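Dumped run.csv below, it's CSV, C-alpha atoms and all ligand atoms:
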chain,number,residue,atom,x,y,z
R,1,MET,CA,-51.0,-2.3,34.0
R,2,THR,CA,-53.9,0.1,33.9
R,3,VAL,CA,-53.1,3.5,32.4
R,4,ARG,CA,-54.4,6.3,34.7
R,5,VAL,CA,-55.5,9.3,32.6
R,6,GLY,CA,-56.1,12.9,33.5
R,7,VAL,CA,-58.4,14.9,31.2
R,8,ILE,CA,-57.9,18.7,30.7
R,9,GLY,CA,-61.1,20.3,29.2
R,10,VAL,CA,-64.3,18.4,29.6
R,11,GLY,CA,-66.4,19.9,26.9
R,12,MET,CA,-68.0,18.1,24.0
R,13,ILE,CA,-65.0,15.9,22.8
R,14,GLY,CA,-63.5,15.6,26.3
R,15,GLN,CA,-66.7,14.0,27.6
R,16,ASP,CA,-66.9,11.8,24.5
R,17,HIS,CA,-63.4,10.6,25.1
R,18,ILE,CA,-64.1,10.0,28.8
R,19,ARG,CA,-67.0,7.9,27.8
R,20,ARG,CA,-64.9,5.7,25.5
R,21,LEU,CA,-62.0,5.6,28.0
R,22,THR,CA,-64.3,4.4,30.8
R,23,ARG,CA,-66.8,2.3,28.9
R,24,VAL,CA,-65.4,1.1,25.6
R,25,LEU,CA,-61.6,0.7,25.8
R,26,ALA,CA,-59.4,-1.7,27.8
R,27,GLY,CA,-56.4,-1.1,30.1
R,28,VAL,CA,-57.3,2.5,31.1
R,29,GLU,CA,-59.1,4.5,33.7
R,30,VAL,CA,-59.9,8.2,34.1
R,31,VAL,CA,-58.5,9.3,37.5
R,32,ALA,CA,-58.6,13.1,37.2
R,33,VAL,CA,-60.3,15.9,35.3
R,34,THR,CA,-60.1,19.7,35.2
R,35,ASP,CA,-61.9,22.5,33.3
R,36,VAL,CA,-61.8,26.3,33.4
R,37,ASP,CA,-65.5,26.0,34.1
R,38,PRO,CA,-65.4,24.3,37.6
R,39,ALA,CA,-69.1,23.6,37.5
R,40,ARG,CA,-68.7,21.6,34.3
R,41,ALA,CA,-65.7,19.8,35.7
R,42,ALA,CA,-67.8,18.8,38.8
R,43,ASP,CA,-70.7,17.8,36.7
R,44,VAL,CA,-68.6,15.5,34.6
R,45,ALA,CA,-66.7,14.1,37.6
R,46,ALA,CA,-70.0,13.1,39.2
R,47,GLY,CA,-70.4,10.5,36.4
R,48,VAL,CA,-66.9,9.0,36.8
R,49,PRO,CA,-66.5,7.1,40.1
R,50,GLY,CA,-63.4,7.9,42.1
R,51,VAL,CA,-62.2,10.7,39.8
R,52,LYS,CA,-60.4,13.7,41.3
R,53,VAL,CA,-61.2,17.3,40.2
R,54,HIS,CA,-58.2,19.6,39.9
R,55,GLY,CA,-58.3,23.4,39.9
R,56,THR,CA,-55.9,23.8,37.0
R,57,GLY,CA,-54.4,21.8,34.2
R,58,LYS,CA,-50.9,22.2,35.7
R,59,ASP,CA,-52.1,20.6,39.0
R,60,LEU,CA,-53.6,17.7,37.1
R,61,ILE,CA,-50.3,17.2,35.2
R,62,ASP,CA,-48.3,17.3,38.4
R,63,ASP,CA,-50.6,14.8,40.1
R,64,GLY,CA,-48.5,11.6,40.8
R,65,ALA,CA,-51.6,9.5,40.3
R,66,VAL,CA,-51.9,10.6,36.6
R,67,ASP,CA,-49.8,8.5,34.2
R,68,ALA,CA,-50.8,10.2,31.0
R,69,VAL,CA,-52.7,13.4,30.0
R,70,LEU,CA,-55.5,13.9,27.5
R,71,VAL,CA,-55.8,17.5,26.3
R,72,THR,CA,-59.2,18.4,25.0
R,73,SER,CA,-59.5,22.1,26.0
R,74,TRP,CA,-59.7,24.9,23.5
R,75,GLY,CA,-57.0,25.1,20.8
R,76,PRO,CA,-55.2,28.2,22.1
R,77,THR,CA,-54.6,26.5,25.4
R,78,HIS,CA,-53.0,23.3,24.0
R,79,GLU,CA,-49.4,24.6,23.8
R,80,GLU,CA,-49.3,25.3,27.6
R,81,TYR,CA,-50.5,21.8,28.5
R,82,VAL,CA,-48.5,19.9,26.0
R,83,LEU,CA,-45.3,21.7,27.1
R,84,ALA,CA,-46.2,21.0,30.8
R,85,GLY,CA,-46.8,17.3,30.0
R,86,ILE,CA,-43.4,17.0,28.3
R,87,ALA,CA,-41.7,18.8,31.2
R,88,ALA,CA,-43.3,16.3,33.5
R,89,GLY,CA,-42.2,13.4,31.2
R,90,LYS,CA,-45.8,12.2,30.8
R,91,PRO,CA,-47.4,10.9,27.6
R,92,VAL,CA,-49.8,13.5,26.1
R,93,PHE,CA,-52.7,12.9,23.7
R,94,CYS,CA,-53.6,16.3,22.3
R,95,GLU,CA,-56.7,16.9,20.3
R,96,LYS,CA,-56.1,18.9,17.1
R,97,PRO,CA,-54.7,21.5,16.8
R,98,LEU,CA,-51.4,20.7,18.4
R,99,ALA,CA,-51.1,24.5,18.8
R,100,THR,CA,-52.6,27.4,16.9
R,101,THR,CA,-49.4,29.0,15.6
R,102,ARG,CA,-46.3,27.8,13.8
R,103,ALA,CA,-44.1,29.3,16.5
R,104,ALA,CA,-46.0,27.5,19.3
R,105,CYS,CA,-45.8,24.2,17.4
R,106,ARG,CA,-42.1,24.7,17.0
R,107,ARG,CA,-41.7,25.2,20.8
R,108,ILE,CA,-43.4,21.8,21.3
R,109,LEU,CA,-41.1,20.2,18.7
R,110,ASP,CA,-38.1,21.7,20.4
R,111,ALA,CA,-39.2,20.6,23.9
R,112,GLU,CA,-40.0,17.0,22.8
R,113,SER,CA,-36.7,16.8,20.9
R,114,ALA,CA,-34.8,18.0,24.0
R,115,PHE,CA,-36.6,15.4,26.1
R,116,GLY,CA,-35.2,12.8,23.6
R,117,ARG,CA,-38.2,10.6,22.8
R,118,ARG,CA,-41.7,10.9,21.7
R,119,LEU,CA,-44.4,11.7,24.3
R,120,VAL,CA,-47.0,13.5,22.1
R,121,MET,CA,-49.7,12.1,19.9
R,122,VAL,CA,-52.1,14.4,18.0
R,123,GLY,CA,-55.8,13.5,17.5
R,124,PHE,CA,-56.0,13.1,13.7
R,125,MET,CA,-58.4,10.1,14.1
R,126,ARG,CA,-59.0,9.6,10.4
R,127,ARG,CA,-55.7,7.7,10.2
R,128,TYR,CA,-57.5,5.0,12.3
R,129,ASP,CA,-60.6,4.8,10.1
R,130,ALA,CA,-60.9,1.4,8.5
R,131,SER,CA,-61.8,2.8,5.0
R,132,TYR,CA,-58.9,5.3,5.0
R,133,ARG,CA,-56.5,2.5,6.1
R,134,ALA,CA,-57.7,0.3,3.2
R,135,LEU,CA,-57.3,3.3,0.9
R,136,LYS,CA,-53.7,3.9,2.1
R,137,ALA,CA,-52.9,0.2,1.6
R,138,ALA,CA,-54.3,0.4,-2.0
R,139,VAL,CA,-52.3,3.5,-2.8
R,140,ALA,CA,-49.1,1.9,-1.4
R,141,ASP,CA,-49.7,-1.2,-3.5
R,142,ASP,CA,-47.4,-1.1,-6.6
R,143,VAL,CA,-50.3,-2.2,-8.8
R,144,LEU,CA,-51.8,1.3,-9.0
R,145,GLY,CA,-48.5,3.0,-9.6
R,146,ALA,CA,-47.5,6.5,-8.5
R,147,PRO,CA,-50.4,8.7,-7.2
R,148,LEU,CA,-51.0,11.8,-9.4
R,149,LEU,CA,-54.2,13.4,-8.1
R,150,VAL,CA,-56.4,13.3,-5.0
R,151,HIS,CA,-60.0,14.4,-5.1
R,152,CYS,CA,-61.5,15.1,-1.6
R,153,ALA,CA,-64.8,16.3,-0.4
R,154,HIS,CA,-65.8,17.3,3.1
R,155,ARG,CA,-69.5,18.0,3.4
R,156,ASN,CA,-71.4,19.0,6.4
R,157,PRO,CA,-75.2,19.3,6.5
R,158,SER,CA,-75.1,22.7,8.3
R,159,VAL,CA,-73.0,24.8,10.7
R,160,PRO,CA,-73.9,27.1,13.5
R,161,ASP,CA,-73.9,30.9,13.1
R,162,ILE,CA,-70.6,31.3,14.8
R,163,TYR,CA,-68.9,29.2,12.1
R,164,SER,CA,-66.5,31.3,10.0
R,165,SER,CA,-64.7,30.8,6.7
R,166,ASP,CA,-61.4,30.5,8.6
R,167,MET,CA,-63.0,27.6,10.5
R,168,ALA,CA,-63.7,25.9,7.2
R,169,ILE,CA,-60.0,25.6,6.9
R,170,ASN,CA,-58.8,25.3,10.6
R,171,ASP,CA,-61.5,23.0,11.9
R,172,THR,CA,-63.0,21.3,8.8
R,173,ALA,CA,-60.4,20.9,6.0
R,174,VAL,CA,-57.6,20.4,8.5
R,175,HIS,CA,-58.5,16.7,8.5
R,176,GLU,CA,-57.9,16.6,4.8
R,177,LEU,CA,-54.7,18.6,5.2
R,178,ASP,CA,-53.4,15.8,7.5
R,179,ILE,CA,-54.9,12.8,5.7
R,180,VAL,CA,-53.4,13.6,2.3
R,181,ARG,CA,-49.9,13.9,3.7
R,182,TRP,CA,-50.4,10.5,5.3
R,183,LEU,CA,-52.0,8.9,2.3
R,184,LEU,CA,-49.3,10.1,-0.1
R,185,ASP,CA,-46.4,10.0,2.3
R,186,ASP,CA,-45.6,13.5,1.0
R,187,GLU,CA,-45.6,17.1,2.3
R,188,ILE,CA,-47.7,20.0,1.0
R,189,ALA,CA,-45.7,22.6,-0.9
R,190,ALA,CA,-48.3,25.2,-2.0
R,191,ALA,CA,-51.9,26.1,-1.7
R,192,ARG,CA,-54.6,28.0,-3.5
R,193,VAL,CA,-58.2,28.5,-2.5
R,194,LEU,CA,-61.0,29.0,-5.1
R,195,GLN,CA,-64.4,30.4,-4.3
R,196,PRO,CA,-67.4,29.4,-6.5
R,197,ARG,CA,-70.8,31.0,-6.3
R,198,ARG,CA,-72.0,31.0,-2.7
R,199,ASN,CA,-74.6,28.5,-1.5
R,200,SER,CA,-77.7,30.5,-0.9
R,201,ARG,CA,-78.3,28.5,2.3
R,202,ALA,CA,-75.0,29.8,3.8
R,203,ALA,CA,-74.7,32.8,6.1
R,204,ALA,CA,-73.7,36.0,4.4
R,205,HIS,CA,-70.2,36.1,6.0
R,206,LEU,CA,-69.3,32.6,4.8
R,207,VAL,CA,-67.4,31.4,1.8
R,208,ASP,CA,-69.3,28.2,1.1
R,209,PRO,CA,-68.4,26.1,-0.7
R,210,LEU,CA,-64.7,26.6,-1.2
R,211,VAL,CA,-62.1,24.5,-3.0
R,212,ILE,CA,-58.6,24.1,-1.8
R,213,LEU,CA,-55.9,23.2,-4.3
R,214,LEU,CA,-52.8,21.7,-2.9
R,215,GLU,CA,-49.5,20.9,-4.6
R,216,THR,CA,-47.3,18.3,-2.9
R,217,ALA,CA,-43.5,18.3,-2.8
R,218,GLY,CA,-43.6,15.1,-4.8
R,219,GLY,CA,-45.7,16.7,-7.6
R,220,ALA,CA,-49.2,15.4,-6.9
R,221,LEU,CA,-52.2,17.7,-7.1
R,222,VAL,CA,-55.0,17.6,-4.5
R,223,ASP,CA,-58.4,19.3,-4.6
R,224,VAL,CA,-60.5,19.6,-1.4
R,225,GLU,CA,-64.1,20.7,-1.7
R,226,VAL,CA,-65.5,22.0,1.6
R,227,SER,CA,-69.3,22.4,1.7
R,228,VAL,CA,-70.9,23.2,5.0
R,229,ASN,CA,-74.5,23.7,4.2
R,230,ILE,CA,-75.1,20.7,1.9
R,231,GLY,CA,-78.2,19.6,3.9
R,232,TYR,CA,-78.3,15.9,3.0
R,233,GLY,CA,-75.8,14.6,5.6
R,234,TYR,CA,-72.1,14.3,6.6
R,235,ASP,CA,-70.3,13.0,3.6
R,236,ILE,CA,-66.5,12.4,3.3
R,237,ARG,CA,-65.1,11.4,-0.1
R,238,CYS,CA,-61.6,10.7,-1.2
R,239,GLU,CA,-60.4,9.3,-4.5
R,240,VAL,CA,-56.7,8.8,-5.4
R,241,VAL,CA,-55.9,8.8,-9.1
R,242,ALA,CA,-52.7,6.9,-9.8
R,243,GLU,CA,-50.7,6.1,-13.0
R,244,GLY,CA,-52.5,2.8,-13.6
R,245,GLY,CA,-55.8,3.0,-11.7
R,246,THR,CA,-57.8,4.7,-9.0
R,247,ALA,CA,-58.7,3.9,-5.4
R,248,ALA,CA,-61.5,5.6,-3.5
R,249,LEU,CA,-63.3,5.4,-0.2
R,250,ALA,CA,-66.4,3.3,-0.6
R,251,ASP,CA,-69.8,4.4,0.7
R,252,ASN,CA,-70.1,3.5,4.4
R,253,PRO,CA,-70.8,0.0,5.5
R,254,GLY,CA,-74.5,-0.4,6.0
R,255,VAL,CA,-77.6,-1.6,4.2
R,256,ILE,CA,-78.6,-1.0,0.6
R,257,VAL,CA,-82.4,-0.9,0.4
R,258,ARG,CA,-84.1,-1.6,-2.9
R,259,SER,CA,-87.8,-0.5,-2.9
R,260,GLY,CA,-90.3,1.3,-5.1
R,261,GLY,CA,-88.0,1.2,-8.2
R,262,ARG,CA,-85.1,2.8,-6.3
R,263,TRP,CA,-82.1,1.8,-4.3
R,264,GLY,CA,-80.1,3.6,-1.6
R,265,GLY,CA,-78.5,3.7,1.8
R,266,ALA,CA,-78.1,6.1,4.7
R,267,VAL,CA,-75.6,9.0,4.9
R,268,PRO,CA,-74.1,9.6,8.4
R,269,VAL,CA,-75.8,12.5,10.2
R,270,ASP,CA,-72.5,13.9,11.5
R,271,TRP,CA,-68.8,13.4,12.1
R,272,ARG,CA,-69.4,11.5,15.4
R,273,GLU,CA,-71.4,8.8,13.6
R,274,ARG,CA,-69.0,8.6,10.6
R,275,PHE,CA,-65.8,8.3,12.7
R,276,ILE,CA,-66.9,6.8,16.0
R,277,ARG,CA,-64.9,3.6,15.5
R,278,ALA,CA,-61.8,5.6,14.4
R,279,TYR,CA,-61.9,7.5,17.7
R,280,ASP,CA,-62.1,4.2,19.6
R,281,SER,CA,-59.1,2.7,17.7
R,282,GLU,CA,-57.1,5.9,18.0
R,283,LEU,CA,-57.4,6.1,21.8
R,284,GLN,CA,-56.9,2.4,22.3
R,285,ASP,CA,-53.7,2.6,20.2
R,286,TRP,CA,-52.5,5.5,22.4
R,287,VAL,CA,-53.4,3.5,25.7
R,288,ASP,CA,-51.6,0.4,24.4
R,289,ALA,CA,-48.5,2.5,23.5
R,290,VAL,CA,-48.5,4.2,26.9
R,291,THR,CA,-48.7,0.7,28.5
R,292,ALA,CA,-45.8,-0.5,26.4
R,293,GLY,CA,-43.8,2.6,27.2
R,294,SER,CA,-43.7,3.5,23.5
R,295,ALA,CA,-45.3,6.1,21.3
R,296,THR,CA,-47.6,5.8,18.3
R,297,GLY,CA,-49.9,7.7,15.9
R,298,PRO,CA,-49.7,11.2,14.5
R,299,THR,CA,-46.6,13.0,15.9
R,300,ALA,CA,-46.0,16.5,17.0
R,301,TRP,CA,-44.4,17.0,13.5
R,302,ASP,CA,-47.7,16.0,11.9
R,303,GLY,CA,-49.5,18.5,14.2
R,304,TYR,CA,-47.0,21.2,13.3
R,305,ALA,CA,-47.4,20.4,9.5
R,306,ALA,CA,-51.2,20.7,9.7
R,307,THR,CA,-51.0,24.1,11.4
R,308,VAL,CA,-48.4,25.4,8.9
R,309,VAL,CA,-50.4,24.1,5.9
R,310,ALA,CA,-53.6,25.5,7.3
R,311,ASP,CA,-51.9,28.9,7.8
R,312,GLY,CA,-50.9,28.8,4.1
R,313,CYS,CA,-54.5,28.0,3.1
R,314,LEU,CA,-55.8,30.9,5.2
R,315,GLU,CA,-53.4,33.2,3.4
R,316,ALA,CA,-54.5,31.8,0.1
R,317,LEU,CA,-58.2,32.4,1.1
R,318,ARG,CA,-57.4,36.0,2.0
R,319,THR,CA,-55.3,36.9,-1.0
R,320,GLY,CA,-56.6,34.7,-3.7
R,321,GLU,CA,-53.0,33.9,-4.6
R,322,ARG,CA,-51.0,30.7,-4.8
R,323,VAL,CA,-49.1,30.5,-1.5
R,324,PRO,CA,-45.8,28.5,-1.3
R,325,ILE,CA,-45.6,26.4,1.9
R,326,SER,CA,-42.3,25.5,3.6
R,327,LEU,CA,-42.1,23.4,6.7
R,328,GLY,CA,-38.5,24.1,7.4
R,329,ASP,CA,-36.1,21.7,9.1
R,330,ARG,CA,-37.5,18.5,10.5
R,331,PRO,CA,-35.9,17.6,13.9
R,332,SER,CA,-34.3,14.2,13.9
R,333,LEU,CA,-36.8,12.8,16.4
R,334,TYR,CA,-39.4,12.8,13.5
R,335,THR,CA,-37.4,10.9,11.1
R,336,ARG,CA,-40.0,9.1,9.0
R,337,ALA,CA,-41.5,11.3,6.3
R,338,VAL,CA,-45.1,10.9,7.4
R,339,THR,CA,-46.0,8.5,10.2
R,340,SER,CA,-48.6,5.9,10.4
G,401,LIG,N1,-60.4,15.3,16.2
G,401,LIG,C1,-61.6,15.8,16.0
G,401,LIG,O1,-62.3,15.4,15.1
G,401,LIG,C2,-62.1,16.8,17.0
G,401,LIG,C3,-63.5,16.9,17.1
G,401,LIG,C4,-64.0,17.9,18.0
G,401,LIG,C5,-63.1,18.7,18.7
G,401,LIG,N2,-61.8,18.6,18.5
G,401,LIG,C6,-60.9,19.5,19.2
G,401,LIG,O2,-61.0,19.3,20.6
G,401,LIG,C7,-60.8,20.5,21.3
G,401,LIG,C8,-62.1,20.8,22.1
G,401,LIG,O3,-63.2,20.9,21.3
G,401,LIG,P1,-64.7,20.8,21.9
G,401,LIG,O4,-65.6,20.8,20.7
G,401,LIG,O5,-64.8,19.7,22.9
G,401,LIG,O6,-64.8,22.2,22.6
G,401,LIG,P2,-65.8,22.6,23.9
G,401,LIG,O7,-65.8,24.0,23.9
G,401,LIG,O8,-67.0,21.8,23.8
G,401,LIG,O9,-64.9,22.0,25.1
G,401,LIG,C9,-63.7,22.6,25.5
G,401,LIG,C10,-63.6,22.6,27.0
G,401,LIG,O10,-62.3,23.1,27.4
G,401,LIG,C11,-62.5,23.9,28.5
G,401,LIG,N3,-61.4,24.8,28.6
G,401,LIG,C12,-61.1,25.9,27.8
G,401,LIG,N4,-59.9,26.4,28.2
G,401,LIG,C13,-59.4,25.7,29.2
G,401,LIG,C14,-58.2,25.7,30.0
G,401,LIG,N5,-57.3,26.6,29.8
G,401,LIG,N6,-58.1,24.7,30.9
G,401,LIG,C15,-59.0,23.8,31.1
G,401,LIG,N7,-60.1,23.7,30.4
G,401,LIG,C16,-60.3,24.6,29.4
G,401,LIG,C17,-63.8,24.7,28.2
G,401,LIG,O11,-64.4,25.2,29.4
G,401,LIG,C18,-64.7,23.5,27.7
G,401,LIG,O12,-65.3,22.8,28.7
G,401,LIG,C19,-60.6,21.6,20.2
G,401,LIG,O13,-59.2,21.8,20.0
G,401,LIG,C20,-61.2,21.0,18.9
G,401,LIG,O14,-60.6,21.4,17.7
G,401,LIG,C21,-61.3,17.7,17.6
Could you show the structure in this file as structure tokens?
Ligand SMILES: NC(=O)c1ccc[n+]([C@@H]2O[C@H](COP(=O)([O-])OP(=O)(O)OC[C@H]3O[C@@H](n4cnc5c(N)ncnc54)[C@H](O)[C@@H]3O)[C@@H](O)[C@H]2O)c1
Amino acid sequence: MTVRVGVIGVGMIGQDHIRRLTRVLAGVEVVAVTDVDPARAADVAAGVPGVKVHGTGKDLIDDGAVDAVLVTSWGPTHEEYVLAGIAAGKPVFCEKPLATTRAACRRILDAESAFGRRLVMVGFMRRYDASYRALKAAVADDVLGAPLLVHCAHRNPSVPDIYSSDMAINDTAVHELDIVRWLLDDEIAAARVLQPRRNSRAAAHLVDPLVILLETAGGALVDVEVSVNIGYGYDIRCEVVAEGGTAALADNPGVIVRSGGRWGGAVPVDWRERFIRAYDSELQDWVDAVTAGSATGPTAWDGYAATVVADGCLEALRTGERVPISLGDRPSLYTRAVTS
């Protein structure tokens, strides 16, 4: 079976996912696209033979030729399309965020629970990164003992002028907010945000760098450095300190050059380069699950948790206070603590 996918929102990541669905992955074809910008939709469709352009996301979801839906429009529009996908009984891959508010995410949890089985996967692609998977396996191994601390760093070379301090949490650190839940199989219970002296390269409106301190329900402490004007490249670091040892992401696979009395390797230029294989694996896993009539990957509950924790971090940034975080009741559909 070939899974026939419709894509809602064909901007930067939508086009990148269309490229991988049509040129990299197996068992899938893109049969429909839509965008609020019709010219952009037509432009993208011109590069995908046989694809149909729909006027609205709702029309695309209702198209009988669409088996599964990829939502890559702007965050505030995700709720509407995910709910429509569930109402149509179609599998939905939704780029993060699942939705932009706690209440909207809850409506999705309720709708999927009422449907009775999982249809939604959320695009937290780091869970498919080979290095993070090896780190999770090391943490799960009894040899290290219980994890106590996690040190994370998320460094960007630069950001555009429109980038705000809220985006440092909602768009940048949100990947750490998800990955530490997954790594530790634990939920976040409180957050603080600390602000050191501002990087002089940063725009005046920006808190950069910032440090997020998270407490997990199980008692681990997590620090996340977010630096978005670091200049030297895109650098993702994560080290777990456990009772009897540590495990950390290694530097990227590549070449170490020794020359002129020095040694070194390359730092990725951006997130696309760093996580390109993770995006491929993530979407192939989704396509394979749709083909098998099952579900996989980060759940709507994971999307909900990320939004709620990010909200707590935003409050901590605004107030400077420690903010307790409560996820509330977990619907029975999402039984496992934190999914793979
Ligand atoms: N997982 C990741 O690492 C990752 C990376 C990049 C972006 N994203 C997420 O993907 C989403 C899209 O990001 P982007 O960078 O591609 O943005 P973008 O602005 O480049 O593209 C979004 C597209 O959606 C269209 N759109 C907006 N509202 C729409 C609607 N109601 N119906 C149909 N189309 C609509 C826009 O016209 C635009 O073409 C965001 O939620 C973003 O957070 C995730």
Task: Residue nearest R:Ala242 among R:Pro38, R:Gly123, R:Pro298, R:Pro147 (counting all atoms listed in the file) - done: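 Checking each candidate against R:Ala242, we get R:Pro147 as the closest.
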Open item on the list: Would you pick out the contacts of stretch 142-144 of chain R at 10 Å or less, using all atoms listed in the file, so that residues sharing its chain but fewer than 3 positions from it are not included, and give the list as an MDAnalysis selection string?
Closed with: chainID R and resid 137:139 147 240:247
Per-residue nearest contacts of chain R to ligand LIG 401 (chain G) (7 Å; only C-alpha atoms and all ligand atoms) as CSV:
residue,atom,partner,partner_atom,distance
R:Ile8,CA,G:LIG401,C15,5.2
R:Gly9,CA,G:LIG401,O10,3.5
R:Val10,CA,G:LIG401,O12,4.6
R:Gly11,CA,G:LIG401,O9,3.1
R:Met12,CA,G:LIG401,O5,3.7
R:Ile13,CA,G:LIG401,O5,3.8
R:Gly14,CA,G:LIG401,O5,5.5
R:Thr34,CA,G:LIG401,C15,5.9
R:Asp35,CA,G:LIG401,N7,3.6
R:Val36,CA,G:LIG401,N7,4.3
R:Asp37,CA,G:LIG401,O11,4.9
R:Arg40,CA,G:LIG401,O12,6.7
R:Thr56,CA,G:LIG401,N6,6.5
R:Gly57,CA,G:LIG401,N6,5.7
R:Thr72,CA,G:LIG401,C7,4.5
R:Ser73,CA,G:LIG401,O10,3.3
R:Trp74,CA,G:LIG401,C12,4.6
R:Gly75,CA,G:LIG401,O13,4.0
R:Thr77,CA,G:LIG401,N5,5.2
R:Glu95,CA,G:LIG401,O2,4.9
R:Lys96,CA,G:LIG401,O13,5.1
R:Pro97,CA,G:LIG401,O13,5.5
R:Gly123,CA,G:LIG401,N1,5.1
R:Phe124,CA,G:LIG401,N1,5.5
R:Met125,CA,G:LIG401,N1,6.0
R:Asp171,CA,G:LIG401,O14,6.1
TODO: For each of R:Asp43, R:Glu282, R:Asp235, R:Asp311, take the minimum atom-to-atom distance to R:Thr100, counting all atoms listed in the file, then give the residue where this is smallest.
DONE: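 Checking each candidate against R:Thr100, we get R:Asp311 as the closest.
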TODO: Tell me, in Å to one decimal, how far atom CA of R:Leu83 is from atom CA of R:His17.
DONE: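 A separation of 21.3 Å between them.
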Task: Closest of R:Arg102, R:Lys136, R:Arg322, R:His78 to R:Ala191 - atom-to-atom distances counting only C-alpha atoms - done: R:Arg322
TODO: Would you please work out which residue, of R:Ala39, R:Val48, R:Leu177, R:Val122, is nearest to R:Arg19 when using all atoms listed in the file?
DONE: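 Selected residue with least distance to R:Arg19: R:Val48.
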- [ ] Grab the atom CA of R:Gly89 to atom CA of R:Ala32 distance for me, in Å with one decimal place.
- [x] 17.5 Å
TODO: For each of R:Val53, R:Leu135, R:Cys94, R:Ile18, take the minimum atom-to-atom distance to R:Trp182, counting all atoms listed in the file, then give the residue where this is smallest.
DONE: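 Looking at the shortest contact to R:Trp182, the residue is R:Leu135.
Using only C-alpha atoms for every distance, the candidate list R:Leu249, R:Arg272, R:Gly320, R:Lys90 yields R:Gly320 as the residue closest to R:Ile212.
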Open item on the list: At a cut-off of 10 Å, using all atoms listed in the file, what residues contact R:Thr172? Leave out same-chain residues fewer than 5 positions from it and give the result as a list in words.
Closed with: His154, Arg155, Asn156, Ser165, Asp166, Met167, Leu177, Val226, Ser227 and Val228 of chain R
Task: d(atom CA of R:Glu239, atom CA of R:Ala168) in Å - done: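 Computing it gives 20.6 Å between the two atoms.
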TODO: Counting all atoms listed in the file, write as a PyMOL selection string all protein and nucleic acid residues lying at most 12 Å from (-56.5, 18.4, 40.2) in the file's frame.
DONE: chain R and resi 5-8+31-36+38+41-42+45+51-66+69
- [ ] Write out as a PyMOL selection string the residues lying within 12 Å of stretch 114-120 of chain R, counting all atoms listed in the file and excluding same-chain residues fewer than 2 positions away.
- [x] chain R and resi 67-71+78-79+81-96+98+105+107-112+122-123+286+289-290+293-304+331-335
TODO: Around the point (-58.0, 30.0, -0.7), in the coordinates given by the file, pick out the residues reaching within 7 Å, counting all atoms listed in the file, and return them as a PyMOL selection string.
DONE: chain R and resi 192-194+212+313-318+320
Quick one: everything within 10 Å of R:Gly265, counting only C-alpha atoms, minus sequence neighbours fewer than 3 positions away in the same chain. Send it as an mmCIF file with C-alpha atoms, in the coordinates of the input.
data_model
loop_
_atom_site.group_PDB
_atom_site.id
_atom_site.type_symbol
_atom_site.label_atom_id
_atom_site.label_comp_id
_atom_site.auth_asym_id
_atom_site.auth_seq_id
_atom_site.Cartn_x
_atom_site.Cartn_y
_atom_site.Cartn_z
ATOM 1 C CA ASP R 251 -69.800 4.400 0.700
ATOM 2 C CA ASN R 252 -70.100 3.500 4.400
ATOM 3 C CA PRO R 253 -70.800 0.000 5.500
ATOM 4 C CA GLY R 254 -74.500 -0.400 6.000
ATOM 5 C CA VAL R 255 -77.600 -1.600 4.200
ATOM 6 C CA ILE R 256 -78.600 -1.000 0.600
ATOM 7 C CA VAL R 257 -82.400 -0.900 0.400
ATOM 8 C CA ARG R 258 -84.100 -1.600 -2.900
ATOM 9 C CA PRO R 268 -74.100 9.600 8.400
#
